[in-house]
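Q: One file: final08.csv (CSV, C-alpha atoms).
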chain,number,residue,atom,x,y,z
A,1,MET,CA,-14.5,-40.8,25.4
A,2,HIS,CA,-16.4,-37.5,25.4
A,3,PRO,CA,-17.6,-36.7,21.9
A,4,VAL,CA,-15.8,-33.3,21.9
A,5,LEU,CA,-12.5,-35.0,22.6
A,6,VAL,CA,-13.1,-37.6,19.9
A,7,PHE,CA,-13.8,-34.8,17.5
A,8,LEU,CA,-10.7,-32.9,18.6
A,9,LEU,CA,-8.5,-35.9,17.9
A,10,PHE,CA,-10.1,-36.4,14.5
A,11,ALA,CA,-9.6,-32.7,13.6
A,12,VAL,CA,-5.9,-32.8,14.7
A,13,PHE,CA,-5.1,-35.8,12.6
A,14,ALA,CA,-7.2,-34.7,9.7
A,15,SER,CA,-5.0,-31.6,9.3
A,16,PRO,CA,-1.6,-31.9,7.5
A,17,GLY,CA,1.5,-31.4,9.7
A,18,TYR,CA,0.5,-33.5,12.6
A,19,ALA,CA,2.4,-36.7,13.3
A,20,GLN,CA,1.8,-37.3,17.0
A,21,ILE,CA,-0.6,-36.3,19.7
A,22,TYR,CA,-0.2,-36.8,23.4
A,23,LYS,CA,-2.8,-37.3,26.2
A,24,TRP,CA,-2.5,-36.8,29.9
A,25,VAL,CA,-4.7,-36.5,33.0
A,26,ASP,CA,-4.1,-33.6,35.5
A,27,GLU,CA,-4.4,-33.8,39.2
A,28,ASP,CA,-8.1,-32.9,39.0
A,29,GLY,CA,-8.8,-35.7,36.7
A,30,LYS,CA,-9.2,-33.5,33.6
A,31,VAL,CA,-8.0,-35.1,30.3
A,32,HIS,CA,-5.7,-32.9,28.1
A,33,PHE,CA,-4.4,-33.4,24.5
A,34,SER,CA,-1.4,-31.7,22.9
A,35,ASP,CA,0.8,-32.1,19.8
A,36,ARG,CA,3.8,-31.3,22.0
A,37,LYS,CA,5.8,-33.8,24.1
A,38,ASP,CA,6.2,-32.5,27.6
A,39,HIS,CA,8.9,-34.5,29.6
A,40,ARG,CA,7.8,-32.9,32.9
A,41,ILE,CA,4.6,-34.9,32.9
A,42,GLU,CA,3.5,-38.4,32.1
A,43,GLN,CA,1.9,-38.5,28.7
A,44,GLU,CA,0.4,-41.2,26.5
A,45,GLU,CA,0.8,-41.1,22.8
A,46,VAL,CA,-2.6,-41.5,21.1
A,47,ARG,CA,-3.0,-42.8,17.5
A,48,VAL,CA,-6.2,-42.1,15.7
A,49,LYS,CA,-7.2,-43.1,12.2
A,50,PRO,CA,-9.5,-40.4,10.7
A,51,GLY,CA,-12.5,-41.4,8.6
A,52,ALA,CA,-12.3,-41.0,4.8
A,53,SER,CA,-14.1,-38.0,3.3
A,54,LYS,CA,-17.0,-38.5,1.0
A,55,TRP,CA,-16.6,-35.2,-0.6
A,56,ALA,CA,-17.0,-35.1,-4.4
A,57,ARG,CA,-17.1,-32.3,-7.0
A,58,TYR,CA,-20.4,-31.1,-8.3
A,59,GLU,CA,-21.9,-29.4,-11.3
A,60,ILE,CA,-22.4,-25.7,-10.7
A,61,ASP,CA,-25.5,-24.0,-12.0
A,62,ILE,CA,-24.4,-20.7,-13.7
A,63,LYS,CA,-26.7,-18.3,-15.5
A,64,ALA,CA,-25.3,-15.3,-17.3
A,65,VAL,CA,-27.7,-12.5,-18.3
A,66,ASP,CA,-26.7,-10.6,-21.4
A,67,VAL,CA,-23.1,-11.4,-21.0
A,68,GLU,CA,-20.9,-14.0,-22.6
A,69,LEU,CA,-18.7,-16.3,-20.5
A,70,THR,CA,-16.0,-18.3,-22.1
A,71,ASP,CA,-15.6,-22.0,-21.5
A,72,GLU,CA,-12.5,-21.1,-19.5
A,73,GLU,CA,-14.4,-18.7,-17.3
A,74,HIS,CA,-17.2,-21.2,-16.7
A,75,GLN,CA,-14.5,-23.7,-15.6
A,76,GLN,CA,-12.8,-21.0,-13.4
A,77,ILE,CA,-16.1,-20.3,-11.6
A,78,ALA,CA,-16.8,-24.0,-11.1
A,79,ASP,CA,-13.3,-24.7,-9.8
A,80,GLY,CA,-13.5,-21.8,-7.4
A,81,VAL,CA,-16.8,-23.0,-6.0
A,82,ASN,CA,-15.6,-26.5,-5.6
A,83,ASN,CA,-12.4,-25.3,-3.9
A,84,VAL,CA,-14.6,-23.5,-1.3
A,85,TYR,CA,-16.6,-26.7,-0.8
A,86,GLU,CA,-13.4,-28.7,-0.4
A,87,PHE,CA,-12.1,-26.2,2.1
A,88,PHE,CA,-15.1,-26.7,4.4
A,89,ASP,CA,-15.0,-30.4,3.9
A,90,ARG,CA,-11.3,-31.3,4.2
A,91,VAL,CA,-10.0,-28.4,6.3
A,92,MET,CA,-13.0,-27.5,8.5
A,93,SER,CA,-14.3,-31.2,8.7
A,94,PHE,CA,-17.9,-30.6,7.6
A,95,ASP,CA,-19.7,-33.1,5.4
A,96,MET,CA,-19.8,-31.2,2.2
A,97,TYR,CA,-21.0,-34.2,0.2
A,98,ARG,CA,-24.4,-32.9,1.5
A,99,THR,CA,-23.9,-30.2,-1.1
A,100,VAL,CA,-25.1,-26.7,-0.4
A,101,PRO,CA,-27.6,-25.9,-3.2
A,102,VAL,CA,-26.4,-22.8,-4.9
A,103,ASN,CA,-27.2,-21.3,-8.3
A,104,ILE,CA,-25.2,-18.3,-9.6
A,105,LEU,CA,-26.8,-15.4,-11.5
A,106,ILE,CA,-24.4,-13.1,-13.3
A,107,PHE,CA,-25.4,-9.7,-14.7
A,108,LYS,CA,-23.5,-7.8,-17.3
A,109,GLY,CA,-23.3,-4.6,-15.3
A,110,LYS,CA,-23.8,-2.9,-11.9
A,111,ALA,CA,-27.1,-1.2,-13.0
A,112,GLU,CA,-28.8,-4.5,-13.9
A,113,TYR,CA,-27.5,-6.1,-10.7
A,114,GLN,CA,-28.9,-3.3,-8.6
A,115,ASN,CA,-32.3,-3.3,-10.3
A,116,TYR,CA,-32.5,-7.1,-9.7
A,117,LEU,CA,-31.8,-6.6,-5.9
A,118,ILE,CA,-34.3,-3.8,-5.7
A,119,GLY,CA,-36.9,-6.0,-7.4
A,120,ASN,CA,-36.2,-8.7,-4.8
A,121,ASN,CA,-36.5,-6.3,-1.8
A,122,ARG,CA,-32.7,-6.3,-1.4
A,123,GLY,CA,-32.3,-2.6,-2.0
A,124,SER,CA,-30.1,-2.2,1.1
A,125,SER,CA,-27.4,-4.2,-0.6
A,126,ILE,CA,-27.1,-2.3,-3.9
A,127,ALA,CA,-23.7,-1.0,-3.0
A,128,SER,CA,-22.3,-4.5,-2.8
A,129,TYR,CA,-20.3,-6.4,-5.5
A,130,GLY,CA,-22.3,-9.6,-4.9
A,131,LEU,CA,-25.0,-11.1,-2.6
A,132,TYR,CA,-26.1,-14.5,-1.3
A,133,ILE,CA,-29.9,-14.7,-1.1
A,134,PRO,CA,-30.7,-17.6,1.3
A,135,SER,CA,-34.4,-17.9,0.4
A,136,GLU,CA,-33.4,-18.6,-3.2
A,137,HIS,CA,-30.2,-20.4,-2.6
A,138,GLN,CA,-28.8,-17.9,-5.1
A,139,ILE,CA,-25.6,-16.0,-5.5
A,140,VAL,CA,-26.0,-12.7,-7.6
A,141,VAL,CA,-23.0,-10.8,-9.0
A,142,TYR,CA,-22.2,-8.6,-11.9
A,143,ILE,CA,-19.2,-8.5,-14.2
A,144,ARG,CA,-16.7,-5.9,-13.0
A,145,GLU,CA,-14.1,-4.2,-15.1
A,146,HIS,CA,-11.5,-6.8,-14.0
A,147,ARG,CA,-13.4,-10.1,-14.4
A,148,SER,CA,-11.1,-11.9,-12.0
A,149,LEU,CA,-12.6,-9.8,-9.2
A,150,THR,CA,-16.1,-11.1,-10.1
A,151,PHE,CA,-14.9,-14.6,-9.7
A,152,LYS,CA,-13.4,-13.8,-6.3
A,153,THR,CA,-16.7,-12.3,-5.2
A,154,ILE,CA,-18.4,-15.6,-6.2
A,155,LYS,CA,-16.1,-17.5,-3.9
A,156,HIS,CA,-16.8,-15.0,-1.2
A,157,GLU,CA,-20.6,-15.5,-1.5
A,158,VAL,CA,-20.3,-19.3,-1.7
A,159,SER,CA,-18.6,-19.2,1.7
A,160,HIS,CA,-21.6,-17.3,3.0
A,161,ALA,CA,-23.9,-19.9,1.5
A,162,VAL,CA,-22.0,-22.7,3.2
A,163,VAL,CA,-21.9,-21.0,6.6
A,164,ASP,CA,-25.6,-20.0,6.3
A,165,SER,CA,-26.6,-23.6,5.6
A,166,ILE,CA,-24.5,-25.5,8.1
A,167,ILE,CA,-23.3,-23.0,10.7
A,168,PRO,CA,-26.2,-20.6,11.1
A,169,TYR,CA,-25.0,-19.5,14.5
A,170,ALA,CA,-21.5,-18.5,13.4
A,171,PRO,CA,-20.6,-15.0,14.7
A,172,ALA,CA,-20.5,-12.3,12.1
A,173,TRP,CA,-16.7,-11.9,12.4
A,174,LEU,CA,-16.1,-15.5,11.6
A,175,ASN,CA,-18.7,-15.7,8.8
A,176,GLU,CA,-17.3,-12.6,7.1
A,177,GLY,CA,-13.7,-13.3,7.8
A,178,LEU,CA,-14.0,-16.7,6.2
A,179,ALA,CA,-15.7,-15.2,3.1
A,180,GLU,CA,-13.0,-12.6,2.8
A,181,GLN,CA,-10.3,-15.2,2.9
A,182,MET,CA,-12.0,-17.5,0.5
A,183,GLU,CA,-11.5,-14.9,-2.2
A,184,MET,CA,-7.8,-15.8,-2.0
A,185,LEU,CA,-8.4,-19.6,-2.1
A,186,GLU,CA,-6.6,-21.4,-5.0
A,187,ARG,CA,-5.4,-24.8,-5.9
A,188,ASP,CA,-2.3,-26.2,-7.5
A,189,GLU,CA,-0.8,-29.7,-7.9
A,190,SER,CA,0.0,-29.7,-4.1
A,191,GLY,CA,-3.6,-28.9,-3.0
A,192,LEU,CA,-5.4,-25.9,-1.6
A,193,TYR,CA,-3.6,-22.8,-0.6
A,194,PHE,CA,-4.1,-19.1,-0.1
A,195,GLU,CA,-2.2,-15.8,0.4
A,196,ARG,CA,-3.0,-12.9,2.6
A,197,HIS,CA,-5.7,-10.6,1.2
A,198,PRO,CA,-3.8,-7.5,0.0
A,199,ASP,CA,-6.6,-5.0,0.5
A,200,ASN,CA,-7.4,-6.2,4.0
A,201,GLN,CA,-3.7,-6.3,4.8
A,202,TRP,CA,-3.4,-2.6,3.9
A,203,VAL,CA,-6.6,-1.5,5.7
A,204,VAL,CA,-5.5,-3.4,8.9
A,205,ALA,CA,-2.0,-2.0,8.8
A,206,ARG,CA,-3.3,1.5,8.4
A,207,ALA,CA,-5.9,1.1,11.2
A,208,ARG,CA,-3.2,-0.3,13.5
A,209,GLU,CA,-0.9,2.7,12.7
A,210,GLN,CA,-3.7,5.1,13.6
A,211,GLY,CA,-4.7,3.3,16.8
A,212,ARG,CA,-8.1,2.3,15.4
A,213,LEU,CA,-7.7,-1.5,15.4
A,214,ALA,CA,-9.9,-3.2,17.9
A,215,GLU,CA,-8.0,-5.2,20.6
A,216,ILE,CA,-8.7,-8.9,20.1
A,217,ASP,CA,-10.6,-9.3,23.4
A,218,GLN,CA,-13.0,-6.5,22.5
A,219,PHE,CA,-13.2,-7.8,18.9
A,220,LEU,CA,-14.3,-11.3,20.1
A,221,LYS,CA,-16.8,-9.8,22.6
A,222,LEU,CA,-18.6,-7.9,19.9
A,223,PRO,CA,-22.1,-9.3,19.3
A,224,SER,CA,-22.9,-10.0,15.6
A,225,GLU,CA,-25.6,-7.3,15.5
A,226,LYS,CA,-23.1,-4.6,16.6
A,227,TRP,CA,-20.5,-6.0,14.2
A,228,ARG,CA,-22.9,-5.7,11.3
A,229,HIS,CA,-24.0,-2.2,12.3
A,230,SER,CA,-20.4,-1.0,12.5
A,231,ASP,CA,-19.6,-2.7,9.2
A,232,SER,CA,-22.6,-1.3,7.3
A,233,SER,CA,-21.8,2.2,8.6
A,234,GLY,CA,-18.5,2.1,6.9
A,235,SER,CA,-16.9,3.8,9.9
A,236,GLY,CA,-14.5,1.1,10.9
A,237,SER,CA,-12.2,-1.6,9.7
A,238,LEU,CA,-14.0,-4.6,11.2
A,239,ARG,CA,-14.4,-6.4,7.9
A,240,ALA,CA,-10.8,-6.2,7.0
A,241,GLN,CA,-9.8,-7.1,10.5
A,242,SER,CA,-12.1,-10.2,10.4
A,243,GLY,CA,-10.5,-11.3,7.2
A,244,GLN,CA,-7.0,-10.8,8.5
A,245,PHE,CA,-7.8,-12.5,11.8
A,246,VAL,CA,-9.2,-15.6,10.0
A,247,CYS,CA,-6.1,-15.6,7.8
A,248,PHE,CA,-3.9,-15.5,10.9
A,249,LEU,CA,-5.9,-18.4,12.5
A,250,LEU,CA,-5.7,-20.5,9.3
A,251,SER,CA,-2.0,-19.9,8.9
A,252,THR,CA,-0.8,-22.8,11.2
A,253,PRO,CA,-2.3,-26.2,11.9
A,254,THR,CA,-2.6,-25.5,15.6
A,255,ARG,CA,-4.6,-22.3,15.2
A,256,ARG,CA,-6.5,-23.9,12.3
A,257,ASN,CA,-7.8,-26.6,14.7
A,258,PHE,CA,-8.9,-23.8,17.0
A,259,VAL,CA,-11.1,-22.5,14.2
A,260,VAL,CA,-12.5,-26.0,13.6
A,261,ARG,CA,-13.5,-26.4,17.2
A,262,LEU,CA,-15.1,-23.0,17.3
A,263,MET,CA,-17.1,-23.7,14.1
A,264,HIS,CA,-18.3,-27.1,15.4
A,265,ASN,CA,-19.4,-25.5,18.6
A,266,PHE,CA,-21.5,-23.1,16.7
A,267,ASN,CA,-22.7,-25.9,14.4
A,268,ARG,CA,-24.1,-27.6,17.5
A,269,GLY,CA,-26.1,-24.5,18.3
A,270,ASP,CA,-23.8,-22.8,20.8
A,271,ARG,CA,-24.5,-19.1,20.8
A,272,THR,CA,-21.8,-18.1,23.3
A,273,LEU,CA,-19.7,-15.1,22.3
A,274,SER,CA,-16.4,-16.2,20.9
A,275,TYR,CA,-14.4,-14.5,23.7
A,276,TYR,CA,-15.8,-16.9,26.2
A,277,LEU,CA,-14.8,-20.0,24.2
A,278,VAL,CA,-11.1,-19.1,23.8
A,279,ASP,CA,-9.8,-20.2,27.2
A,280,ASP,CA,-11.2,-23.7,26.7
A,281,ASN,CA,-10.0,-24.0,23.1
A,282,TYR,CA,-6.8,-22.0,22.6
A,283,LEU,CA,-3.6,-22.8,24.5
A,284,GLY,CA,-2.8,-19.9,26.8
A,285,GLY,CA,-6.3,-18.4,26.4
A,286,VAL,CA,-7.2,-14.9,25.3
A,287,THR,CA,-4.0,-13.4,26.5
A,288,MET,CA,-1.9,-15.7,24.4
A,289,LEU,CA,-4.2,-15.4,21.4
A,290,GLY,CA,-3.9,-11.6,21.5
A,291,SER,CA,-0.1,-11.9,21.8
A,292,ASP,CA,0.2,-14.3,18.9
A,293,TRP,CA,-2.1,-12.0,16.8
A,294,ASN,CA,0.0,-8.9,17.5
A,295,ARG,CA,3.2,-10.8,16.6
A,296,TRP,CA,1.7,-12.0,13.4
A,297,LEU,CA,0.7,-8.4,12.5
A,298,PHE,CA,4.3,-7.3,12.7
A,299,ASP,CA,5.1,-9.7,9.8
A,300,GLN,CA,3.4,-8.0,6.9
A,301,GLY,CA,5.1,-10.1,4.2
A,302,GLY,CA,3.4,-12.4,1.8
A,303,GLY,CA,3.9,-16.1,1.4
A,304,VAL,CA,1.7,-19.0,0.5
A,305,ILE,CA,-0.3,-20.7,3.3
A,306,ARG,CA,-0.9,-24.4,2.5
A,307,LEU,CA,-4.0,-26.1,3.7
Represent the supplied structure as structure tokens.

A:
Amino acid sequence: MHPVLVFLLFAVFASPGYAQIYKWVDEDGKVHFSDRKDHRIEQEEVRVKPGASKWARYEIDIKAVDVELTDEEHQQIADGVNNVYEFFDRVMSFDMYRTVPVNILIFKGKAEYQNYLIGNNRGSSIASYGLYIPSEHQIVVYIREHRSLTFKTIKHEVSHAVVDSIIPYAPAWLNEGLAEQMEMLERDESGLYFERHPDNQWVVARAREQGRLAEIDQFLKLPSEKWRHSDSSGSGSLRAQSGQFVCFLLSTPTRRNFVVRLMHNFNRGDRTLSYYLVDDNYLGGVTMLGSDWNRWLFDQGGGVIRL
């Protein structure tokens, strides 16, 4: 069987909510897979046993400069980082037992943080709340008035560290969208879950009302360089839209598997614009994806999304 199809089967069964998958061959000899039974065609039920994950928790290197962190805060940071690792391992099907080396440097205030960035030739990022520095495998943040926001920023930057290390060709919208949503990643006795990002939800709703929200086909055609330029200019809502779009994609097992397939395409070095990968990876193609996205935007309620 073609490796891509093998991976697809693994990804489907690795995700919760799937009990059956069906295979059929069309008149052109092309093999198809679906989680839906279609009585109009002859289908074969396929059973696949996924491999066990080797993921394990790690010690997190945290250094606080002129600021005291309680034991509970140290644990909160470590748990948040490990939750992000587990997301990429269990949900996105990457081998996170090959841990991404990250050390976290926490400053007491914004001024100290900015001075550190300027001293490390990162002056263009001084307006940020946190930054991942690939050359140092380092995440740098500062303590904000509400400390919980600092811990969300750390999870955001850990996501960038993972993507930079294992999916370097990921498009900017996917890289930033995942990081935005990782801010909301939590764990309880049932496992990982998240809610919609309230700030991004508000920005996207406002942009949509004003007719400024990019149509999904144009959004997916945007090269990473243009995405970053638009985001850094502060003139649009691309960052918020990226976060909400990733939230939409992760909200159901079917769409989640679409994200997994995209990410593994990019992991293998594919540099194709996301738009041109949709028809082969999303049932109904770009048209259906855009329609599903618009319907999802109408529902602006909350709710927990289980992973």

Q: Can you tell me which residues surround Ala78 of chain A at a distance of at most 12 Å, considering only C-alpha atoms, apart from same-chain residues fewer than 3 positions away, and format the answer as a VMD selection string?

A: chain A and resid 57 to 62 71 to 75 81 to 85 102 to 104 151 to 152 154 to 155 158

Q: Between A:Leu307, A:Ala240, A:Ala111, A:Leu283, which one has atoms that come closest to Ala205 of chain A, using all atoms listed in the file?

A: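 Of A:Leu307, A:Ala240, A:Ala111, A:Leu283, the one nearest Ala205 of chain A, counting all atoms listed in the file, is A:Ala240.
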
Q: Please identify all polymer residues within 9 Å of segment 179-186 of chain A, counting all atoms listed in the file, omitting same-chain residues fewer than 4 positions from it, and present them as a short mmCIF file (atom, residue, chain, number, x, y, z; two decimals) with C-alpha atoms, keeping the file's coordinate frame.

A:
data_model
loop_
_atom_site.label_atom_id
_atom_site.label_comp_id
_atom_site.auth_asym_id
_atom_site.auth_seq_id
_atom_site.Cartn_x
_atom_site.Cartn_y
_atom_site.Cartn_z
CA ASP A 79 -13.30 -24.70 -9.80
CA GLY A 80 -13.50 -21.80 -7.40
CA ASN A 83 -12.40 -25.30 -3.90
CA VAL A 84 -14.60 -23.50 -1.30
CA PHE A 87 -12.10 -26.20 2.10
CA LEU A 149 -12.60 -9.80 -9.20
CA PHE A 151 -14.90 -14.60 -9.70
CA LYS A 152 -13.40 -13.80 -6.30
CA THR A 153 -16.70 -12.30 -5.20
CA ILE A 154 -18.40 -15.60 -6.20
CA LYS A 155 -16.10 -17.50 -3.90
CA HIS A 156 -16.80 -15.00 -1.20
CA GLU A 157 -20.60 -15.50 -1.50
CA VAL A 158 -20.30 -19.30 -1.70
CA SER A 159 -18.60 -19.20 1.70
CA HIS A 160 -21.60 -17.30 3.00
CA LEU A 174 -16.10 -15.50 11.60
CA ASN A 175 -18.70 -15.70 8.80
CA GLY A 191 -3.60 -28.90 -3.00
CA LEU A 192 -5.40 -25.90 -1.60
CA TYR A 193 -3.60 -22.80 -0.60
CA PHE A 194 -4.10 -19.10 -0.10
CA GLU A 195 -2.20 -15.80 0.40
CA ARG A 196 -3.00 -12.90 2.60
CA HIS A 197 -5.70 -10.60 1.20
CA ASN A 200 -7.40 -6.20 4.00
CA ARG A 239 -14.40 -6.40 7.90
CA ALA A 240 -10.80 -6.20 7.00
CA SER A 242 -12.10 -10.20 10.40
CA GLY A 243 -10.50 -11.30 7.20
CA GLN A 244 -7.00 -10.80 8.50
CA VAL A 246 -9.20 -15.60 10.00
CA CYS A 247 -6.10 -15.60 7.80
#

Q: From the set A:Leu273, A:Phe248, A:Arg187, A:Gly177, which residue has the shortest atom-to-atom contact distance to Ser224 of chain A, counting all atoms listed in the file?

A: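 Answer, going by the shortest atom-to-atom distance: A:Leu273.
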
Q: So which residues touch Phe107 of chain A within 10 Å, counting all atoms listed in the file, skipping near sequence neighbours fewer than 6 positions away, as number ranges by chain?

A: A: 63-67, 113-114, 116, 140-144

Q: What would the list of residues within 9 Å of (-25.7, -20.3, 0.0) (file frame) look like as a list in words, if only C-alpha atoms are what count?

A: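 The residues that fall inside the cut-off are Val100, Pro101, Val102, Asn103, Tyr132, Ile133, Pro134, Glu136, His137, Gln138, Ile139, Glu157, Val158, Ser159, His160, Ala161, Val162, Val163, Asp164 and Ser165 of chain A.
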
Q: Between A:Arg306, A:Lys108, A:His39, A:Arg255, single out the one closest to Gly284 of chain A, counting all atoms listed in the file.

A: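 Using all atoms listed in the file, Gly284 of chain A sits closest to A:Arg255.
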
Q: Looking at only C-alpha atoms, which of A:Ile41, A:Leu131, A:Val204, A:Ile216 is the one that sits closest to Ser291 of chain A?

A: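 Smallest distance to Ser291 of chain A is found for A:Ile216.
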
Q: As an exercise, work out the distance from atom CA of Arg261 of chain A to atom CA of Met92 of chain A in Å and give it to one decimal place.

A: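 One can read the atom CA of Arg261 of chain A to atom CA of Met92 of chain A distance as 8.8 Å.
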